[in-house]
$ cat structure.pdb   # PDB, C-alpha atoms
MODEL        1
ATOM      1  CA  MET A   1     122.423 108.289  71.636
ATOM      2  CA  THR A   2     120.648 111.051  73.541
ATOM      3  CA  LEU A   3     117.044 110.255  74.369
ATOM      4  CA  PRO A   4     114.359 112.872  73.838
ATOM      5  CA  LYS A   5     113.539 114.554  77.134
ATOM      6  CA  ARG A   6     109.943 114.925  78.237
ATOM      7  CA  TRP A   7     108.689 117.037  81.159
ATOM      8  CA  THR A   8     105.294 116.070  82.543
ATOM      9  CA  SER A   9     102.816 117.212  85.151
ATOM     10  CA  ARG A  10     100.771 114.395  86.661
ATOM     11  CA  VAL A  11      97.759 114.577  88.960
ATOM     12  CA  LEU A  12      96.773 112.015  91.575
ATOM     13  CA  LEU A  13      92.988 112.482  91.368
ATOM     14  CA  MET A  14      91.465 111.039  94.537
ATOM     15  CA  ASP A  15      87.761 110.723  95.283
ATOM     16  CA  GLY A  16      86.012 110.870  98.667
ATOM     17  CA  ASP A  17      86.605 107.144  99.200
ATOM     18  CA  ASP A  18      90.381 107.612  98.778
ATOM     19  CA  ARG A  19      90.338 105.947  95.372
ATOM     20  CA  LEU A  20      92.827 107.004  92.705
ATOM     21  CA  LEU A  21      91.793 107.484  89.070
ATOM     22  CA  LEU A  22      94.105 105.638  86.666
ATOM     23  CA  LEU A  23      93.821 105.462  82.882
ATOM     24  CA  CYS A  24      94.688 102.419  80.786
ATOM     25  CA  GLY A  25      97.360 102.656  78.105
ATOM     26  CA  ARG A  26      98.421 100.285  75.349
ATOM     27  CA  ASP A  27     101.364 100.079  72.977
ATOM     28  CA  PRO A  28     100.212  99.692  69.346
ATOM     29  CA  ARG A  29     103.491  97.955  68.446
ATOM     30  CA  ARG A  30     103.251  95.341  71.190
ATOM     31  CA  PRO A  31      99.965  93.415  71.042
ATOM     32  CA  GLY A  32      98.571  92.772  74.496
ATOM     33  CA  ALA A  33     100.861  95.284  76.229
ATOM     34  CA  ARG A  34      98.841  97.428  78.602
ATOM     35  CA  TRP A  35      99.410  99.443  81.762
ATOM     36  CA  TRP A  36      97.677 101.889  84.096
ATOM     37  CA  PHE A  37      98.878 105.464  84.626
ATOM     38  CA  THR A  38      97.928 108.691  86.374
ATOM     39  CA  VAL A  39      96.126 111.597  84.762
ATOM     40  CA  GLY A  40      98.559 114.102  83.258
ATOM     41  CA  GLY A  41     100.974 114.642  80.431
ATOM     42  CA  ALA A  42     103.578 116.810  78.779
ATOM     43  CA  VAL A  43     104.246 120.406  79.765
ATOM     44  CA  GLU A  44     103.786 122.392  76.563
ATOM     45  CA  LYS A  45     105.910 125.331  75.421
ATOM     46  CA  ASP A  46     105.169 128.528  77.383
ATOM     47  CA  GLU A  47     103.235 126.523  79.992
ATOM     48  CA  ASP A  48     104.253 125.824  83.584
ATOM     49  CA  TYR A  49     103.637 122.603  85.502
ATOM     50  CA  LEU A  50     100.451 123.889  87.164
ATOM     51  CA  GLN A  51      98.953 125.049  83.871
ATOM     52  CA  ALA A  52      99.838 121.693  82.317
ATOM     53  CA  ALA A  53      98.207 119.838  85.207
ATOM     54  CA  VAL A  54      94.830 121.591  84.927
ATOM     55  CA  ARG A  55      94.887 121.351  81.119
ATOM     56  CA  GLU A  56      95.620 117.621  81.248
ATOM     57  CA  VAL A  57      92.872 117.001  83.828
ATOM     58  CA  ARG A  58      90.422 118.837  81.528
ATOM     59  CA  GLU A  59      91.595 116.957  78.403
ATOM     60  CA  GLU A  60      91.507 113.528  80.032
ATOM     61  CA  THR A  61      88.412 113.820  82.254
ATOM     62  CA  THR A  62      86.574 116.983  81.056
ATOM     63  CA  LEU A  63      86.774 118.262  84.657
ATOM     64  CA  CYS A  64      87.631 121.973  84.866
ATOM     65  CA  LEU A  65      89.766 121.960  87.982
ATOM     66  CA  PRO A  66      91.051 125.335  89.206
ATOM     67  CA  VAL A  67      94.793 125.459  89.853
ATOM     68  CA  GLU A  68      94.095 126.321  93.517
ATOM     69  CA  ARG A  69      92.755 122.788  94.031
ATOM     70  CA  LEU A  70      96.152 121.247  93.256
ATOM     71  CA  SER A  71      98.463 120.384  96.131
ATOM     72  CA  PRO A  72     102.123 121.293  96.102
ATOM     73  CA  VAL A  73     104.353 118.686  94.459
ATOM     74  CA  VAL A  74     104.001 115.472  96.476
ATOM     75  CA  TRP A  75     106.327 113.299  94.450
ATOM     76  CA  THR A  76     108.793 113.509  91.582
ATOM     77  CA  ARG A  77     110.150 110.791  89.366
ATOM     78  CA  ARG A  78     112.438 110.297  86.431
ATOM     79  CA  ALA A  79     111.710 107.382  84.104
ATOM     80  CA  VAL A  80     113.086 106.044  80.863
ATOM     81  CA  PHE A  81     110.444 104.150  78.911
ATOM     82  CA  SER A  82     109.453 103.082  75.390
ATOM     83  CA  VAL A  83     106.099 103.224  73.657
ATOM     84  CA  ASP A  84     105.133 102.982  70.003
ATOM     85  CA  GLY A  85     108.761 102.375  69.008
ATOM     86  CA  ARG A  86     110.076 105.553  70.690
ATOM     87  CA  THR A  87     112.093 105.803  73.907
ATOM     88  CA  PHE A  88     111.780 108.777  76.259
ATOM     89  CA  ASP A  89     113.672 110.178  79.233
ATOM     90  CA  GLN A  90     110.814 111.608  81.291
ATOM     91  CA  TYR A  91     110.711 113.827  84.379
ATOM     92  CA  GLU A  92     107.404 113.822  86.284
ATOM     93  CA  GLU A  93     105.938 116.051  88.965
ATOM     94  CA  HIS A  94     102.934 114.628  90.822
ATOM     95  CA  ARG A  95     100.320 116.687  92.649
ATOM     96  CA  LEU A  96      97.242 115.601  94.556
ATOM     97  CA  ALA A  97      93.722 116.846  93.845
ATOM     98  CA  ARG A  98      90.654 115.626  95.690
ATOM     99  CA  VAL A  99      87.378 115.510  93.803
ATOM    100  CA  THR A 100      83.831 115.426  95.107
ATOM    101  CA  THR A 101      81.268 112.741  94.340
ATOM    102  CA  ASP A 102      79.431 115.227  92.111
ATOM    103  CA  GLU A 103      82.662 115.934  90.188
ATOM    104  CA  VAL A 104      83.298 112.206  89.720
ATOM    105  CA  HIS A 105      79.805 111.846  88.228
ATOM    106  CA  GLU A 106      80.311 114.894  85.976
ATOM    107  CA  MET A 107      83.587 113.571  84.551
ATOM    108  CA  ASN A 108      83.618 112.163  81.050
ATOM    109  CA  VAL A 109      86.545 109.764  81.099
ATOM    110  CA  THR A 110      85.856 108.588  77.552
ATOM    111  CA  THR A 111      88.217 111.067  75.948
ATOM    112  CA  GLU A 112      90.915 110.017  73.448
ATOM    113  CA  GLU A 113      93.505 109.806  76.228
ATOM    114  CA  ALA A 114      91.297 107.324  78.116
ATOM    115  CA  ARG A 115      90.203 105.296  75.090
ATOM    116  CA  TYR A 116      91.431 102.004  76.593
ATOM    117  CA  GLY A 117      89.569 102.463  79.853
ATOM    118  CA  HIS A 118      89.840 103.885  83.335
ATOM    119  CA  HIS A 119      89.374 102.627  86.872
ATOM    120  CA  TRP A 120      89.149 104.146  90.341
ATOM    121  CA  TRP A 121      91.697 102.135  92.345
ATOM    122  CA  SER A 122      91.696 101.771  96.129
ATOM    123  CA  THR A 123      94.962 102.889  97.695
ATOM    124  CA  ALA A 124      95.920  99.228  98.272
ATOM    125  CA  GLU A 125      95.150  97.919  94.758
ATOM    126  CA  PRO A 126      98.209  99.213  92.834
ATOM    127  CA  ALA A 127     100.539  97.320  95.201
ATOM    128  CA  THR A 128      98.614  94.056  94.948
ATOM    129  CA  THR A 129      97.505  93.833  91.317
ATOM    130  CA  ALA A 130      99.114  91.693  88.635
ATOM    131  CA  GLU A 131      98.456  94.573  86.218
ATOM    132  CA  ILE A 132     101.275  96.976  85.312
ATOM    133  CA  VAL A 133     100.788 100.251  87.166
ATOM    134  CA  ARG A 134     103.015 103.226  86.435
ATOM    135  CA  PRO A 135     104.875 104.609  88.202
ATOM    136  CA  ASN A 136     105.958 101.309  89.639
ATOM    137  CA  GLU A 137     109.491 101.471  91.012
ATOM    138  CA  ASP A 138     109.085 100.980  94.761
ATOM    139  CA  GLY A 139     105.338 101.099  94.139
ATOM    140  CA  PHE A 140     103.096 104.136  94.186
ATOM    141  CA  PRO A 141     103.594 106.803  96.782
ATOM    142  CA  PRO A 142     102.268 105.455 100.101
ATOM    143  CA  ALA A 143      98.525 105.486 100.606
ATOM    144  CA  ARG A 144      97.248 108.652 102.258
ATOM    145  CA  ARG A 145      94.054 109.476 104.039
ATOM    146  CA  ALA A 146      92.278 112.808 103.662
ATOM    147  CA  GLY A 147      94.021 115.523 105.658
ATOM    148  CA  ASP A 148      97.415 113.781 105.724
ATOM    149  CA  CYS A 149      99.705 116.497 104.389
ATOM    150  CA  ARG A 150     103.093 114.889 105.042
ATOM    151  CA  PRO A 151     105.291 115.010 101.929
ATOM    152  CA  TRP A 152     105.704 111.903  99.842
ATOM    153  CA  PRO A 153     109.239 110.612  99.348
ATOM    154  CA  SER A 154     110.936 112.033  96.266
ATOM    155  CA  PRO A 155     113.295 109.790  94.332
ATOM    156  CA  CYS A 156     116.575 111.631  93.917
ATOM    157  CA  LEU A 157     117.317 113.085  90.518
ATOM    158  CA  SER A 158     121.028 113.101  91.257
ATOM    159  CA  GLY A 159     123.449 114.900  89.020
ATOM    160  CA  GLN A 160     120.804 117.015  87.333
ATOM    161  CA  ARG A 161     120.899 120.789  87.365
ATOM    162  CA  GLN A 162     117.705 122.327  88.653
ATOM    163  CA  ARG A 163     116.023 125.668  88.049
ATOM    164  CA  ARG A 164     112.933 127.348  89.469
ATOM    165  CA  ASN A 165     110.243 128.520  87.038
ATOM    166  CA  ARG A 166     107.991 131.568  87.422
ATOM    167  CA  SER A 167     105.581 129.570  89.588
ATOM    168  CA  GLY A 168     108.378 128.720  91.999
ATOM    169  CA  ILE A 169     108.519 125.091  90.882
ATOM    170  CA  THR A 170     111.915 123.470  90.621
ATOM    171  CA  HIS A 171     112.615 121.136  87.690
ATOM    172  CA  PRO A 172     115.605 119.815  85.761
ATOM    173  CA  VAL A 173     117.174 122.144  83.242
ATOM    174  CA  ARG A 174     116.125 121.136  79.715
TER     175      ARG A 174
ENDMDL
END
$ encode --input "structure.pdb" --output "structure tokens"
Amino acid sequence: MTLPKRWTSRVLLMDGDDRLLLLCGRDPRRPGARWWFTVGGAVEKDEDYLQAAVREVREETTLCLPVERLSPVVWTRRAVFSVDGRTFDQYEEHRLARVTTDEVHEMNVTTEEARYGHHWWSTAEPATTAEIVRPNEDGFPPARRAGDCRPWPSPCLSGQRQRRNRSGITHPVR
């Protein structure tokens, strides 16, 4: 059986204290199942990864972040997962965006996407918590301090054909 493919743009929103905003998710078909995940979501038809990233930040935090504030892709990942009785084959592109203290206070992280909660995690917390944090294979990308622009490691998406979209971003062929 071929799994439905899902292309997503995710944003590592970091505040001035190098904390990462994660949202809490739950599976309605598995009581007690919960996990933490980055801001972001599906790339919609006729939308590129950058447009999806700023739209998802706005939908999930109410922050209107200009596309220029997003870093280049710092990490990619492919994951197969199940939620609400459906299984997905998902490709993710992660970008970094730093937010000011004022922006953190202006955010309204009580949107539908964040209905189960949110938390600003220190860079060490995801590796040490008993909670499920996604992505989780080999942990989160390594902790970074402000100004550290070295690329994050990218898990190999071997065997997949790639193409470059109009924004110059490479992704698997759908």
$ atom_distance --input "structure.pdb" --atom1 "CA of Asp84 (chain A)" --atom2 "CA of Arg6 (chain A)"
15.3 Å
$ closest_residue --input "structure.pdb" --among "A:Glu44, A:Glu131, A:Asp27, A:Glu68" --to "Phe81 (chain A)" --atoms "all atoms listed in the file"
A:Asp27
$ resolve_selection --input "structure.pdb" --expression "the PyMOL selection byres ((chain A and resi 89) around 6)" --output "list in words"
Leu3, Lys5, Ala79, Val80, Phe88 and Gln90 of chain A
$ closest_residue --input "structure.pdb" --among "A:Arg78, A:Arg19, A:Arg55, A:Arg30" --to "Trp120 (chain A)" --atoms "all atoms listed in the file"
A:Arg19
$ closest_residue --input "structure.pdb" --among "A:Val11, A:Leu23, A:Thr100, A:Thr2" --to "Arg115 (chain A)" --atoms "all atoms listed in the file"
A:Leu23
$ residues_around --input "structure.pdb" --residues "Thr8 (chain A)" --least-positions-apart "6" --cutoff "12 Å" --atoms "only C-alpha atoms" --output "JSON, numbers by chain"
{"A": [38, 39, 40, 41, 42, 43, 44, 45, 47, 48, 49, 50, 51, 52, 53, 55, 56, 76, 77, 78, 79, 88, 89, 90, 91, 92, 93, 94, 95, 171, 172]}
$ resolve_selection --input "structure.pdb" --expression "the PyMOL selection byres ((chain A and resi 99) around 7)" --output "PDB file with C-alpha atoms, keeping the file's coordinate frame"
ATOM      1  CA  LEU A  13      92.988 112.482  91.368  1.00  0.00           C
ATOM      2  CA  MET A  14      91.465 111.039  94.537  1.00  0.00           C
ATOM      3  CA  ASP A  15      87.761 110.723  95.283  1.00  0.00           C
ATOM      4  CA  GLY A  16      86.012 110.870  98.667  1.00  0.00           C
ATOM      5  CA  ALA A  97      93.722 116.846  93.845  1.00  0.00           C
ATOM      6  CA  ARG A  98      90.654 115.626  95.690  1.00  0.00           C
ATOM      7  CA  THR A 100      83.831 115.426  95.107  1.00  0.00           C
ATOM      8  CA  THR A 101      81.268 112.741  94.340  1.00  0.00           C
ATOM      9  CA  GLU A 103      82.662 115.934  90.188  1.00  0.00           C
ATOM     10  CA  VAL A 104      83.298 112.206  89.720  1.00  0.00           C
TER      11      VAL A 104
END
$ atom_distance --input "structure.pdb" --atom1 "CA of Val54 (chain A)" --atom2 "CA of Arg69 (chain A)"
9.4 Å
$ resolve_selection --input "structure.pdb" --expression "the PyMOL selection byres ((chain A and resi 34) around 8)" --output "VMD selection string"
chain A and resid 24 to 27 32 to 33 35 to 36 132
$ atom_distance --input "structure.pdb" --atom1 "CA of Pro66 (chain A)" --atom2 "CA of Leu12 (chain A)"
14.7 Å
$ residues_near_point --input "structure.pdb" --point "(79.2, 115.4, 82.8)" --cutoff "12 Å" --atoms "all atoms listed in the file" --output "PyMOL selection string"
chain A and resi 58+61-64+102-110
$ closest_residue --input "structure.pdb" --among "A:Glu113, A:Ser122, A:Val83, A:Asp46" --to "Pro31 (chain A)" --atoms "only C-alpha atoms"
A:Val83
